[in-house]
file final24.txt (compact mmCIF, C-alpha atoms)
# COMPACT_ATOMS: atom_id res chain seq x y z
CA MET P 1 0.00 0.00 0.00
CA THR P 2 1.33 3.39 -0.95
CA VAL P 3 1.12 6.27 1.54
CA THR P 4 0.53 9.68 0.03
CA ASP P 5 2.34 12.82 1.12
CA THR P 6 -0.93 14.12 2.56
CA GLU P 7 -1.38 11.02 4.69
CA LYS P 8 2.24 11.27 5.88
CA ALA P 9 1.63 14.84 6.95
CA VAL P 10 -1.47 13.82 8.89
CA VAL P 11 0.44 11.04 10.67
CA VAL P 12 3.31 13.40 11.57
CA SER P 13 0.85 16.01 12.82
CA LYS P 14 -0.98 13.49 15.00
CA ALA P 15 2.31 12.19 16.38
CA ALA P 16 3.34 15.73 17.26
CA GLU P 17 0.01 16.38 18.99
CA LEU P 18 0.37 13.16 20.99
CA ALA P 19 3.93 14.08 22.00
CA THR P 20 2.83 17.54 23.06
CA ALA P 21 -0.09 16.11 25.01
CA SER P 22 2.24 13.62 26.66
CA LYS P 23 4.63 16.38 27.73
CA GLU P 24 1.75 18.49 29.06
CA ALA P 25 0.43 15.48 30.96
CA GLN P 26 3.85 14.77 32.42
CA GLY P 27 4.20 18.42 33.42
CA LEU P 28 0.75 18.38 35.02
CA VAL P 29 1.59 15.24 37.00
CA ALA P 30 4.88 16.77 38.13
CA ARG P 31 3.18 20.01 39.23
CA LEU P 32 0.46 18.02 40.98
CA GLY P 33 3.10 15.99 42.79
CA ARG P 34 4.91 19.10 43.93
CA TRP P 35 1.61 20.61 45.07
CA LEU P 36 0.74 17.48 47.05
CA ASP P 37 4.23 17.36 48.57
CA ARG P 38 3.99 21.01 49.54
CA ASP P 39 0.66 20.66 51.30
CA ARG P 40 1.62 17.41 53.01
CA GLY P 41 2.76 18.16 56.52
CA PRO P 42 6.01 16.53 57.58
CA LEU P 43 5.70 13.07 59.08
CA ALA P 44 5.50 13.09 62.88
CA ALA P 45 8.48 10.76 63.17
CA GLU P 46 10.59 13.01 60.94
CA THR P 47 9.73 16.11 62.96
CA ALA P 48 10.36 14.39 66.29
CA THR P 49 13.85 13.46 65.08
CA LEU P 50 14.73 17.14 64.81
CA PHE P 51 14.23 17.39 68.58
CA THR P 52 15.51 14.06 69.83
CA ALA P 53 18.50 13.06 67.68
CA ARG P 54 22.02 13.87 68.83
CA MET P 55 23.57 17.01 67.35
CA THR P 56 26.08 14.81 65.50
CA ASP P 57 23.38 12.64 63.87
CA VAL P 58 24.03 12.96 60.11
CA ALA P 59 20.53 11.91 58.99
CA ALA P 60 18.81 14.29 61.42
CA ASN P 61 21.07 17.16 60.36
CA ARG P 62 20.34 16.44 56.69
CA LEU P 63 16.63 16.50 57.52
CA ALA P 64 17.10 19.82 59.35
CA LYS P 65 18.76 21.28 56.25
CA GLN P 66 15.85 20.12 54.05
CA TRP P 67 13.31 21.47 56.56
CA SER P 68 15.08 24.84 56.64
CA LEU P 69 15.12 25.17 52.86
CA ARG P 70 11.47 24.20 52.63
CA TYR P 71 10.48 26.68 55.34
CA ALA P 72 12.44 29.54 53.76
CA ALA P 73 10.73 28.96 50.40
CA ALA P 74 7.22 28.38 51.82
CA ASP P 75 4.26 30.72 51.74
CA GLY P 76 2.33 31.63 54.89
CA LYS P 77 -0.08 28.69 54.67
CA GLU P 78 2.68 26.10 54.37
CA ARG P 79 4.74 27.72 57.11
CA ARG P 80 1.80 27.41 59.45
CA VAL P 81 1.53 23.69 58.60
CA LEU P 82 5.24 23.21 59.33
CA LEU P 83 4.98 25.13 62.60
CA ALA P 84 1.95 23.11 63.67
CA ALA P 85 3.97 19.92 63.12
CA LEU P 86 6.81 21.33 65.23
CA ALA P 87 4.36 22.28 67.99
CA GLN P 88 2.77 18.83 67.97
CA ALA P 89 6.15 17.10 68.22
CA SER P 90 7.22 19.57 70.92
CA ALA P 91 4.14 18.81 73.04
CA GLY P 92 5.01 15.11 73.04
CA LEU P 93 8.52 15.49 74.45
CA GLU P 94 8.72 13.78 77.84
CA PRO P 95 10.92 14.53 79.63
CA ARG P 96 11.52 17.73 77.70
CA GLY P 97 14.93 18.67 79.02
CA ASP P 98 16.86 20.71 76.47
CA GLN P 99 15.30 19.06 73.41
CA GLY P 100 13.49 22.24 72.35
CA LEU P 101 16.76 24.16 72.45
CA ARG P 102 18.39 21.32 70.51
CA LEU P 103 15.90 21.82 67.67
CA PHE P 104 16.83 25.50 67.24
CA ARG P 105 20.54 24.88 67.64
CA ARG P 106 20.31 22.18 64.95
CA LEU P 107 18.48 24.52 62.57
CA TYR P 108 21.03 27.25 63.27
CA ALA P 109 23.94 24.90 62.63
CA GLN P 110 22.49 23.92 59.24
CA ALA P 111 21.67 27.50 58.15
CA ASP P 112 23.93 30.01 56.43
CA SER P 113 22.74 32.83 58.71
CA LEU P 114 20.34 33.73 61.50
CA HIS P 115 17.66 34.81 59.00
CA LEU P 116 15.74 31.54 59.38
CA LEU P 117 15.43 31.67 63.17
CA VAL P 118 14.49 35.35 63.20
CA ASP P 119 11.77 34.67 60.59
CA LEU P 120 10.72 31.58 62.53
CA ARG P 121 10.17 33.58 65.71
CA ALA P 122 8.23 36.25 63.82
CA ASP P 123 5.87 33.54 62.55
CA ILE P 124 5.60 31.93 65.98
CA LEU P 125 4.66 35.29 67.52
CA ARG P 126 2.09 35.73 64.76
CA TRP P 127 0.41 32.35 65.28
CA ARG P 128 1.15 31.39 68.89
CA ASN P 129 -2.41 32.15 70.01
CA GLN P 130 -3.89 30.02 67.23
CA VAL P 131 -1.55 27.01 67.18
CA ALA P 132 -1.40 25.00 70.39
CA SER P 133 1.98 24.51 72.13
CA LEU P 134 3.82 27.24 70.22
CA THR P 135 4.26 29.36 73.35
CA VAL P 136 6.84 27.01 74.89
CA LEU P 137 8.84 26.97 71.66
CA GLU P 138 8.70 30.77 71.45
CA ARG P 139 10.04 31.12 74.98
CA GLU P 140 12.95 28.77 74.25
CA LEU P 141 13.79 30.51 70.97
CA GLU P 142 13.61 33.93 72.65
CA GLY P 143 16.20 32.81 75.19
CA LEU P 144 18.61 31.71 72.47
CA LEU P 145 18.14 34.89 70.43
CA ASN P 146 18.79 37.00 73.53
CA SER P 147 22.18 35.34 73.88
CA TRP P 148 23.01 35.42 70.16
CA PHE P 149 22.05 39.09 69.72
CA ASP P 150 23.86 40.62 72.69
CA VAL P 151 24.97 44.17 71.90
CA GLY P 152 28.61 43.15 72.17
CA MET P 153 28.18 40.96 69.08
CA LEU P 154 26.70 43.72 66.92
CA GLU P 155 28.55 45.99 64.50
CA LEU P 156 27.75 49.72 64.44
CA ARG P 157 27.87 51.42 61.03
CA PRO P 158 27.14 55.05 60.07
CA ILE P 159 24.40 55.76 57.51
CA THR P 160 24.96 58.82 55.30
CA TRP P 161 23.55 60.24 52.07
CA ASP P 162 26.39 58.41 50.31
CA SER P 163 25.33 55.01 51.69
CA PRO P 164 23.97 52.48 49.16
CA ALA P 165 20.47 53.31 47.92
CA SER P 166 19.24 49.90 49.11
CA LEU P 167 20.26 50.78 52.69
CA LEU P 168 18.64 54.21 52.54
CA GLU P 169 15.45 52.59 51.25
CA LYS P 170 15.52 50.27 54.27
CA LEU P 171 15.74 53.31 56.56
CA ILE P 172 12.55 54.65 54.95
CA GLN P 173 10.87 51.23 55.05
CA TYR P 174 11.64 50.42 58.68
CA GLU P 175 11.29 53.87 60.26
CA ALA P 176 8.86 53.05 63.07
CA VAL P 177 8.71 56.28 65.09
CA HIS P 178 8.43 59.22 62.67
CA GLU P 179 7.52 58.41 59.08
CA ILE P 180 9.92 59.57 56.35
CA ARG P 181 7.61 60.94 53.66
CA SER P 182 10.04 62.20 51.02
CA TRP P 183 13.63 62.09 49.82
CA GLU P 184 14.04 65.63 51.20
CA GLU P 185 13.12 64.38 54.68
CA LEU P 186 15.45 61.42 54.26
CA ARG P 187 18.33 63.67 53.27
CA HIS P 188 17.64 65.79 56.37
CA ARG P 189 17.82 62.69 58.61
CA VAL P 190 21.28 61.70 57.31
CA ALA P 191 22.72 65.20 56.73
CA ASP P 192 26.18 66.22 57.95
CA HIS P 193 24.67 68.02 60.96
CA ARG P 194 22.85 64.80 61.99
CA ARG P 195 23.96 61.26 62.67
CA CYS P 196 22.28 57.99 61.77
CA TYR P 197 23.65 54.58 62.69
CA ALA P 198 22.62 51.00 62.06
CA PHE P 199 23.45 47.88 64.06
CA PHE P 200 24.27 44.70 62.13
CA HIS P 201 24.87 41.11 63.25
CA PRO P 202 27.74 39.20 61.58
CA ARG P 203 25.40 36.29 60.79
CA MET P 204 22.84 38.66 59.19
CA ASN P 205 25.32 40.98 57.57
CA ASP P 206 23.00 42.31 54.86
CA VAL P 207 20.15 43.29 57.20
CA PRO P 208 20.22 46.36 59.49
CA LEU P 209 18.66 45.31 62.80
CA ILE P 210 18.26 48.71 64.48
CA PHE P 211 18.42 52.27 63.17
CA VAL P 212 19.36 55.06 65.60
CA GLU P 213 18.83 58.67 64.49
CA VAL P 214 20.52 61.56 66.33
CA ALA P 215 20.15 65.35 66.24
CA PHE P 216 22.30 67.97 67.99
CA ALA P 217 21.20 71.04 69.92
CA ALA P 218 22.27 73.67 72.41
CA GLN P 219 19.72 72.35 74.94
CA MET P 220 17.46 69.35 75.53
CA ALA P 221 14.81 69.24 72.77
CA ASP P 222 11.12 69.46 73.70
CA ASN P 223 9.29 69.45 70.32
CA VAL P 224 9.71 66.81 67.64
CA GLN P 225 8.02 68.85 64.90
CA VAL P 226 10.81 71.44 65.17
CA LEU P 227 13.41 68.68 65.30
CA LEU P 228 12.13 67.03 62.09
CA ASP P 229 11.49 70.18 60.04
CA PRO P 230 14.03 70.35 57.15
CA LYS P 231 13.47 74.12 56.94
CA VAL P 232 14.82 74.77 60.45
CA ALA P 233 18.40 76.06 60.29
CA ALA P 234 21.09 73.47 60.95
CA PRO P 235 22.89 73.86 64.29
CA ASP P 236 26.58 74.67 64.57
CA LEU P 237 28.10 71.36 65.66
CA ASN P 238 30.99 73.21 67.30
CA LYS P 239 28.49 74.76 69.71
CA ALA P 240 26.24 71.74 70.19
CA LYS P 241 26.24 70.41 73.77
CA TRP P 242 23.32 67.98 73.52
CA ALA P 243 22.87 64.84 71.45
CA ILE P 244 19.18 63.97 71.06
CA PHE P 245 18.10 60.43 70.13
CA TYR P 246 14.77 61.02 68.42
CA SER P 247 14.13 57.76 66.56
CA ILE P 248 15.15 54.18 67.33
CA SER P 249 13.62 51.56 65.05
CA ASN P 250 13.86 47.77 65.32
CA THR P 251 13.55 46.36 61.79
CA GLN P 252 12.83 42.69 62.54
CA PRO P 253 9.47 41.50 63.97
CA GLY P 254 11.22 38.29 64.98
CA LEU P 255 13.45 40.25 67.37
CA ARG P 256 10.56 41.94 69.18
CA GLY P 257 11.25 41.87 72.90
CA ILE P 258 14.91 40.90 72.42
CA SER P 259 16.86 43.25 74.68
CA PHE P 260 20.22 43.23 72.81
CA GLY P 261 21.70 43.57 76.29
CA ASN P 262 21.97 46.70 78.39
CA PHE P 263 23.81 49.81 77.23
CA LEU P 264 22.95 49.52 73.54
CA LEU P 265 22.82 53.32 73.25
CA LYS P 266 26.05 53.55 75.25
CA ARG P 267 27.71 52.11 72.13
CA VAL P 268 26.31 55.00 70.08
CA ILE P 269 27.30 57.57 72.71
CA ASP P 270 30.88 56.28 72.72
CA GLN P 271 31.00 56.69 68.92
CA LEU P 272 29.52 60.19 69.11
CA LEU P 273 32.16 61.28 71.63
CA ILE P 274 34.88 60.14 69.25
CA GLU P 275 33.40 62.25 66.44
CA LEU P 276 32.19 65.21 68.56
CA PRO P 277 34.18 65.32 71.82
CA LYS P 278 32.57 68.63 72.90
CA LEU P 279 29.22 66.93 73.54
CA LYS P 280 28.23 67.07 77.21
CA SER P 281 24.74 65.59 77.53
CA PHE P 282 22.71 62.81 75.93
CA ALA P 283 18.93 62.48 75.96
CA THR P 284 16.04 61.20 73.91
CA LEU P 285 12.85 62.82 72.70
CA SER P 286 10.60 59.79 72.87
CA PRO P 287 6.96 58.85 72.28
CA MET P 288 4.72 57.11 74.82
CA PRO P 289 2.97 54.69 72.44
CA GLY P 290 0.73 53.07 75.06
CA PHE P 291 -0.40 56.13 76.99
CA VAL P 292 -3.80 56.66 75.33
CA ASP P 293 -4.73 52.97 75.54
CA TRP P 294 -3.76 52.88 79.22
CA LEU P 295 -5.63 56.06 80.14
CA ALA P 296 -8.76 55.12 78.17
CA LYS P 297 -9.09 51.89 80.21
CA GLN P 298 -9.17 53.66 83.59
CA ASP P 299 -12.64 53.74 85.14
CA GLY P 300 -13.96 56.31 87.61
CA LYS P 301 -12.53 54.60 90.67
CA ALA P 302 -9.07 54.35 89.11
CA MET P 303 -9.17 57.94 87.90
CA GLN P 304 -9.99 59.18 91.40
CA GLU P 305 -6.69 57.66 92.51
CA LEU P 306 -4.81 59.22 89.59
CA LEU P 307 -6.28 62.72 89.63
CA HIS P 308 -5.15 65.43 92.03
CA ASP P 309 -7.80 68.14 91.68
CA LYS P 310 -10.82 67.74 93.98
CA VAL P 311 -13.38 68.75 91.32
CA ASP P 312 -11.84 66.36 88.78
CA LYS P 313 -12.07 63.54 91.34
CA GLN P 314 -15.77 64.22 91.93
CA GLN P 315 -16.54 64.29 88.20
CA ALA P 316 -14.79 60.92 87.70
CA GLN P 317 -16.74 59.19 90.49
CA ASN P 318 -18.79 56.20 89.25
CA ASP P 319 -18.02 57.09 85.61
CA ALA P 320 -16.98 53.95 83.73
CA SER P 321 -15.67 56.06 80.84
CA ALA P 322 -13.77 58.60 82.97
CA GLY P 323 -10.40 57.66 81.45
CA GLN P 324 -11.65 57.93 77.88
CA LYS P 325 -13.10 61.37 78.64
CA TRP P 326 -9.70 62.52 79.87
CA VAL P 327 -8.11 61.21 76.66
CA GLU P 328 -10.49 63.36 74.63
CA ARG P 329 -9.94 66.33 76.91
CA LEU P 330 -6.15 66.15 76.64
CA GLN P 331 -6.23 65.67 72.87
CA ALA P 332 -8.48 68.71 72.44
CA ALA P 333 -6.27 70.78 74.74
CA ALA P 334 -3.03 69.79 72.99
CA GLY P 335 -4.46 70.82 69.65
CA GLY P 336 -5.79 74.22 70.79
CA LYS P 337 -5.90 76.66 73.66
CA VAL P 338 -5.17 74.97 76.96
CA SER P 339 -5.62 75.90 80.58
CA GLU P 340 -2.63 75.52 82.85
CA ALA P 341 -4.61 73.13 85.06
CA VAL P 342 -5.39 70.73 82.20
CA GLN P 343 -1.79 70.80 81.02
CA ARG P 344 -0.53 70.12 84.54
CA THR P 345 -2.95 67.19 84.90
CA GLY P 346 -1.90 65.77 81.53
CA VAL P 347 1.76 65.86 82.48
CA ARG P 348 1.01 64.26 85.86
CA LEU P 349 -1.00 61.43 84.25
CA ALA P 350 1.86 60.84 81.81
CA VAL P 351 4.37 60.58 84.68
CA LEU P 352 2.16 58.11 86.55
CA TYR P 353 1.88 56.04 83.38
CA LEU P 354 5.65 56.03 82.83
CA LYS P 355 6.21 54.88 86.43
CA SER P 356 3.67 52.04 86.14
CA MET P 357 5.21 48.57 86.30
CA LYS P 358 4.04 45.06 85.46
CA ASN P 359 6.03 41.89 86.18
CA GLY P 360 8.95 44.05 87.28
CA GLN P 361 9.08 46.06 84.03
CA PRO P 362 7.63 49.40 82.88
CA ILE P 363 4.36 48.89 81.01
CA ASP P 364 5.38 51.33 78.26
CA ALA P 365 7.56 49.61 75.64
CA VAL P 366 9.75 52.65 74.97
CA ALA P 367 10.23 53.29 78.69
CA ARG P 368 11.15 49.62 79.08
CA PHE P 369 13.88 50.01 76.46
CA HIS P 370 15.45 53.25 77.73
CA LEU P 371 15.18 52.51 81.44
CA GLY P 372 16.58 49.07 80.69
CA ASN P 373 19.56 50.81 79.09
CA GLY P 374 20.22 52.79 82.26
CA ALA P 375 18.50 56.10 81.43
CA ARG P 376 16.23 58.07 83.75
CA ILE P 377 12.89 59.78 83.09
CA GLU P 378 14.01 63.42 82.96
CA ARG P 379 11.18 65.57 81.61
CA VAL P 380 7.65 65.27 80.17
CA ASN P 381 6.83 67.64 77.31
CA TRP P 382 3.32 68.93 76.61
CA ALA P 383 2.18 69.19 72.93
CA ALA P 384 5.55 67.90 71.72
CA ASP P 385 4.13 65.76 68.89
CA CYS P 386 0.80 67.00 67.52
CA SER P 387 0.92 64.75 64.44
CA THR P 388 -2.00 62.39 63.90
CA LYS P 389 0.05 59.51 65.25
CA GLY P 390 1.34 61.48 68.23
CA MET P 391 -2.17 62.58 69.23
CA ALA P 392 -3.59 59.06 68.82
CA GLN P 393 -0.85 57.42 70.89
CA SER P 394 -0.10 59.92 73.63
CA CYS P 395 -2.30 63.05 73.34
CA GLY P 396 0.76 64.79 71.86
CA ILE P 397 2.87 64.30 75.01
CA MET P 398 6.51 63.16 74.73
CA VAL P 399 9.22 62.34 77.25
CA ASN P 400 12.96 62.98 77.55
CA TYR P 401 15.04 60.08 78.87
CA LEU P 402 18.44 61.30 80.10
CA TYR P 403 21.58 59.18 79.70
CA ASP P 404 23.96 60.19 82.49
CA LEU P 405 26.99 58.01 81.83
CA GLU P 406 28.04 58.03 85.49
CA GLN P 407 24.65 56.79 86.73
CA LEU P 408 23.62 54.07 84.26
CA ASP P 409 24.39 51.21 86.64
CA ASP P 410 22.74 52.92 89.62
CA ASN P 411 19.62 53.60 87.55
CA LEU P 412 19.44 49.94 86.53
CA ALA P 413 19.62 48.91 90.18
CA LEU P 414 16.69 51.22 90.99
CA LEU P 415 14.69 49.79 88.09
CA ALA P 416 15.33 46.26 89.34
CA ALA P 417 13.89 47.37 92.69
CA GLY P 418 10.74 48.60 90.94
CA LYS P 419 11.57 52.30 91.35
CA PRO P 420 12.55 53.83 87.99
CA LYS P 421 14.78 56.89 88.37
CA MET P 422 13.00 60.22 87.88
CA GLY P 423 14.36 63.71 87.22
CA LEU P 424 14.15 66.16 90.14
CA ASN P 425 11.30 68.18 88.60
CA LEU P 426 9.12 65.05 88.23
CA ARG P 427 9.47 63.52 91.70
CA TRP P 428 6.73 65.58 93.32
CA LEU P 429 4.06 65.25 90.63

call {"tool": "encode", "arguments": {"input": "final24.txt", "output": "structure tokens"}}
result
Amino acid sequence: MTVTDTEKAVVVSKAAELATASKEAQGLVARLGRWLDRDRGPLAAETATLFTARMTDVAANRLAKQWSLRYAAADGKERRVLLAALAQASAGLEPRGDQGLRLFRRLYAQADSLHLLVDLRADILRWRNQVASLTVLERELEGLLNSWFDVGMLELRPITWDSPASLLEKLIQYEAVHEIRSWEELRHRVADHRRCYAFFHPRMNDVPLIFVEVAFAAQMADNVQVLLDPKVAAPDLNKAKWAIFYSISNTQPGLRGISFGNFLLKRVIDQLLIELPKLKSFATLSPMPGFVDWLAKQDGKAMQELLHDKVDKQQAQNDASAGQKWVERLQAAAGGKVSEAVQRTGVRLAVLYLKSMKNGQPIDAVARFHLGNGARIERVNWAADCSTKGMAQSCGIMVNYLYDLEQLDDNLALLAAGKPKMGLNLRWL
């Protein structure tokens, strides 16, 4: 039988279609397999090995490497599945001993940097209230990170307008205190009459962990709007006596609550004194991010204890929303004409808030940081930040923490005794 050219063409075409279909089918099967593998949680026995095997176990360490790579590449849904498997294996450890710590040390030993464990803690903090048994793992990981991120292990680097664009972009991205809204504002933050530093860890060398921004002045600053305004004339650094820390931003959610050890700002002060030896005093101009939330929760009975004026006490009696009313009163006063009595009450309430302790620590996160670095609460400033954020967080009130280099250790001892050090003008409020 003779096959025509037309018939040959049809056969070749069909063969090509079948080959294409076969390749598509193979590709579909491969993608389906990867999808199934991705959504399959790790076997319980595999996960348990990460906790229980000796640190020298080759198979367990190979598994830890594979787990780390999978976790780093995973999306949020898959990471939650992997964390749930860790939590389940963790809950079954009996006796527990140091097996939880062994898991994190194993993962660290198999990783190229600390990125994985910092990301891991960020995810644990995110899901610890929704995934059972994550809290114990978070506590163990926090302890390790506290030792691995001690301030003595960090490198301090200056940030200037000539720094790489990628680093300057990170400063904009991670600024957590006062938003940088333009390149003009950024240039002002890193100008020659300012200083900006970043802390880096040698095992996360490409990621700035903390940004510290510093301004200089003839006296202790009391208004952040003036401090941030690019149009305000630059100070003469030869005449500057004060260094003002006005923004300190932690860039990594996974390092939230990690202390970096005491005296972190002492490292910056030492560097400043090398560059500008005429500096005499060091203070912050800091927000009180929890003040409004704290005050709004105070009922009439609590407010009667906090207020000093007799009429104010009577008005607060039996008023469940007394604290919230004072929030609104202080916000209105900070944004307009204010009586001396209202201002005095606002400052007094702010001082009482800053002195408030829970579990041996100040309840305000910023106070916890600065007092934990040896500073003292020096001055409370009325209407110092009337931005939308400043009004919403603290009714526009800000605080100066003073770093007296000769008293850092003494101040820490007072804090440990539950009595944070106060400036002389605040002790009688």

call {"tool": "atom_distance", "arguments": {"input": "final24.txt", "atom1": "atom CA of His188 of chain P", "atom2": "atom CA of Ala176 of chain P"}}
result
16.9 Å

call {"tool": "axis_aligned_box", "arguments": {"input": "final24.txt", "around": "segment 225-231 of chain P", "padding_each_side": "6 Å", "output": "AutoDock Vina command-line options"}}
result
--center_x 11.0 --center_y 70.6 --center_z 61.1 --size_x 18.0 --size_y 19.1 --size_z 20.4

call {"tool": "residues_around", "arguments": {"input": "final24.txt", "residues": "segment 66-76 of chain P", "least_positions_apart": "6", "cutoff": "12 Å", "atoms": "all atoms listed in the file", "output": "ChimeraX atom specification"}}
result
/P:35,37-43,46-47,49-50,59-60,82-83,85-86,103-104,106-120,122-124,126-127

call {"tool": "closest_atom_pairs", "arguments": {"input": "final24.txt", "of": "segment 237-336 of chain P", "to": "segment 357-380 of chain P", "cutoff": "8 Å", "atoms": "all atoms listed in the file", "output": "JSON lines"}}
result
{"residue": "P:Ser259", "atom": "CA", "partner": "P:Phe369", "partner_atom": "CA", "distance": 7.6}
{"residue": "P:Asn262", "atom": "CA", "partner": "P:Asn373", "partner_atom": "CA", "distance": 4.8}
{"residue": "P:Phe263", "atom": "CA", "partner": "P:Asn373", "partner_atom": "CA", "distance": 4.7}
{"residue": "P:Leu264", "atom": "CA", "partner": "P:Asn373", "partner_atom": "CA", "distance": 6.6}
{"residue": "P:Leu265", "atom": "CA", "partner": "P:Asn373", "partner_atom": "CA", "distance": 7.1}
{"residue": "P:Ser286", "atom": "CA", "partner": "P:Val366", "partner_atom": "CA", "distance": 7.5}
{"residue": "P:Pro287", "atom": "CA", "partner": "P:Val366", "partner_atom": "CA", "distance": 7.3}
{"residue": "P:Met288", "atom": "CA", "partner": "P:Val366", "partner_atom": "CA", "distance": 6.7}
{"residue": "P:Pro289", "atom": "CA", "partner": "P:Asp364", "partner_atom": "CA", "distance": 7.1}
{"residue": "P:Gly290", "atom": "CA", "partner": "P:Asp364", "partner_atom": "CA", "distance": 5.9}
{"residue": "P:Phe291", "atom": "CA", "partner": "P:Asp364", "partner_atom": "CA", "distance": 7.6}

call {"tool": "closest_atom_pairs", "arguments": {"input": "final24.txt", "of": "segment 256-358 of chain P", "to": "segment 231-245 of chain P", "cutoff": "9 Å", "atoms": "all atoms listed in the file", "output": "tab-separated table"}}
result
residue	atom	partner	partner_atom	distance
P:Ile269	CA	P:Ala243	CA	8.6
P:Leu272	CA	P:Ala243	CA	8.4
P:Leu276	CA	P:Leu237	CA	7.9
P:Lys278	CA	P:Lys241	CA	6.6
P:Leu279	CA	P:Lys241	CA	4.6
P:Lys280	CA	P:Lys241	CA	5.2
P:Ser281	CA	P:Trp242	CA	4.9
P:Phe282	CA	P:Ala243	CA	4.9
P:Ala283	CA	P:Ile244	CA	5.1
P:Thr284	CA	P:Phe245	CA	4.4
P:Leu285	CA	P:Phe245	CA	6.3
P:Ser286	CA	P:Phe245	CA	8.0

call {"tool": "residues_around", "arguments": {"input": "final24.txt", "residues": "segment 384-397 of chain P", "least_positions_apart": "5", "cutoff": "7 Å", "atoms": "only C-alpha atoms", "output": "compact mmCIF listing (two decimals) with C-alpha atoms, in the coordinates of the input"}}
result
# COMPACT_ATOMS: atom_id res chain seq x y z
CA ASP P 222 11.12 69.46 73.70
CA ASN P 223 9.29 69.45 70.32
CA VAL P 224 9.71 66.81 67.64
CA GLN P 225 8.02 68.85 64.90
CA MET P 288 4.72 57.11 74.82
CA PRO P 289 2.97 54.69 72.44
CA GLY P 290 0.73 53.07 75.06
CA PHE P 291 -0.40 56.13 76.99
CA VAL P 292 -3.80 56.66 75.33
CA VAL P 327 -8.11 61.21 76.66
CA LEU P 330 -6.15 66.15 76.64
CA GLN P 331 -6.23 65.67 72.87
CA ALA P 334 -3.03 69.79 72.99
CA GLY P 335 -4.46 70.82 69.65

call {"tool": "residues_near_point", "arguments": {"input": "final24.txt", "point": "(22.3, 41.3, 70.9)", "cutoff": "10 Å", "atoms": "all atoms listed in the file", "output": "PDB file with C-alpha atoms, in the frame of the given file"}}
result
ATOM      1  CA  LEU P 145      18.140  34.890  70.430  1.00  0.00           C
ATOM      2  CA  ASN P 146      18.790  37.000  73.530  1.00  0.00           C
ATOM      3  CA  SER P 147      22.180  35.340  73.880  1.00  0.00           C
ATOM      4  CA  TRP P 148      23.010  35.420  70.160  1.00  0.00           C
ATOM      5  CA  PHE P 149      22.050  39.090  69.720  1.00  0.00           C
ATOM      6  CA  ASP P 150      23.860  40.620  72.690  1.00  0.00           C
ATOM      7  CA  VAL P 151      24.970  44.170  71.900  1.00  0.00           C
ATOM      8  CA  GLY P 152      28.610  43.150  72.170  1.00  0.00           C
ATOM      9  CA  MET P 153      28.180  40.960  69.080  1.00  0.00           C
ATOM     10  CA  LEU P 154      26.700  43.720  66.920  1.00  0.00           C
ATOM     11  CA  PHE P 199      23.450  47.880  64.060  1.00  0.00           C
ATOM     12  CA  PHE P 200      24.270  44.700  62.130  1.00  0.00           C
ATOM     13  CA  HIS P 201      24.870  41.110  63.250  1.00  0.00           C
ATOM     14  CA  LEU P 209      18.660  45.310  62.800  1.00  0.00           C
ATOM     15  CA  LEU P 255      13.450  40.250  67.370  1.00  0.00           C
ATOM     16  CA  ILE P 258      14.910  40.900  72.420  1.00  0.00           C
ATOM     17  CA  SER P 259      16.860  43.250  74.680  1.00  0.00           C
ATOM     18  CA  PHE P 260      20.220  43.230  72.810  1.00  0.00           C
ATOM     19  CA  GLY P 261      21.700  43.570  76.290  1.00  0.00           C
ATOM     20  CA  ASN P 262      21.970  46.700  78.390  1.00  0.00           C
ATOM     21  CA  LEU P 264      22.950  49.520  73.540  1.00  0.00           C
TER      22      LEU P 264
END

call {"tool": "atom_distance", "arguments": {"input": "final24.txt", "atom1": "atom CA of Glu305 of chain P", "atom2": "atom CA of Gln317 of chain P"}}
result
10.4 Å

call {"tool": "atom_distance", "arguments": {"input": "final24.txt", "atom1": "atom CA of Ala413 of chain P", "atom2": "atom CA of Tyr401 of chain P"}}
result
16.5 Å

call {"tool": "closest_residue", "arguments": {"input": "final24.txt", "among": "P:Arg194, P:Val212, P:His308, P:Arg79", "to": "Glu275 of chain P", "atoms": "only C-alpha atoms"}}
result
P:Arg194

call {"tool": "closest_residue", "arguments": {"input": "final24.txt", "among": "P:Val351, P:Leu306, P:Ala44, P:Leu405", "to": "Asn381 of chain P", "atoms": "all atoms listed in the file"}}
result
P:Val351

call {"tool": "residues_around", "arguments": {"input": "final24.txt", "residues": "Gln343 of chain P", "least_positions_apart": "3", "cutoff": "9 Å", "atoms": "only C-alpha atoms", "output": "MDAnalysis selection string"}}
result
chainID P and resid 330 333:334 338:340 346:348 382

call {"tool": "residues_around", "arguments": {"input": "final24.txt", "residues": "segment 131-136 of chain P", "least_positions_apart": "5", "cutoff": "10 Å", "atoms": "only C-alpha atoms", "output": "PyMOL selection string"}}
result
chain P and resi 80-81+83-92+100+124-126+141-142

call {"tool": "residues_around", "arguments": {"input": "final24.txt", "residues": "segment 311-316 of chain P", "least_positions_apart": "4", "cutoff": "8 Å", "atoms": "only C-alpha atoms", "output": "compact mmCIF listing (two decimals) with C-alpha atoms, in the frame of the given file"}}
result
# COMPACT_ATOMS: atom_id res chain seq x y z
CA ASP P 299 -12.64 53.74 85.14
CA GLY P 300 -13.96 56.31 87.61
CA LYS P 301 -12.53 54.60 90.67
CA MET P 303 -9.17 57.94 87.90
CA GLN P 304 -9.99 59.18 91.40
CA LEU P 307 -6.28 62.72 89.63
CA ALA P 322 -13.77 58.60 82.97

call {"tool": "closest_residue", "arguments": {"input": "final24.txt", "among": "P:Leu349, P:Ile248, P:Val226, P:Ala48", "to": "Glu213 of chain P", "atoms": "all atoms listed in the file"}}
result
P:Ile248
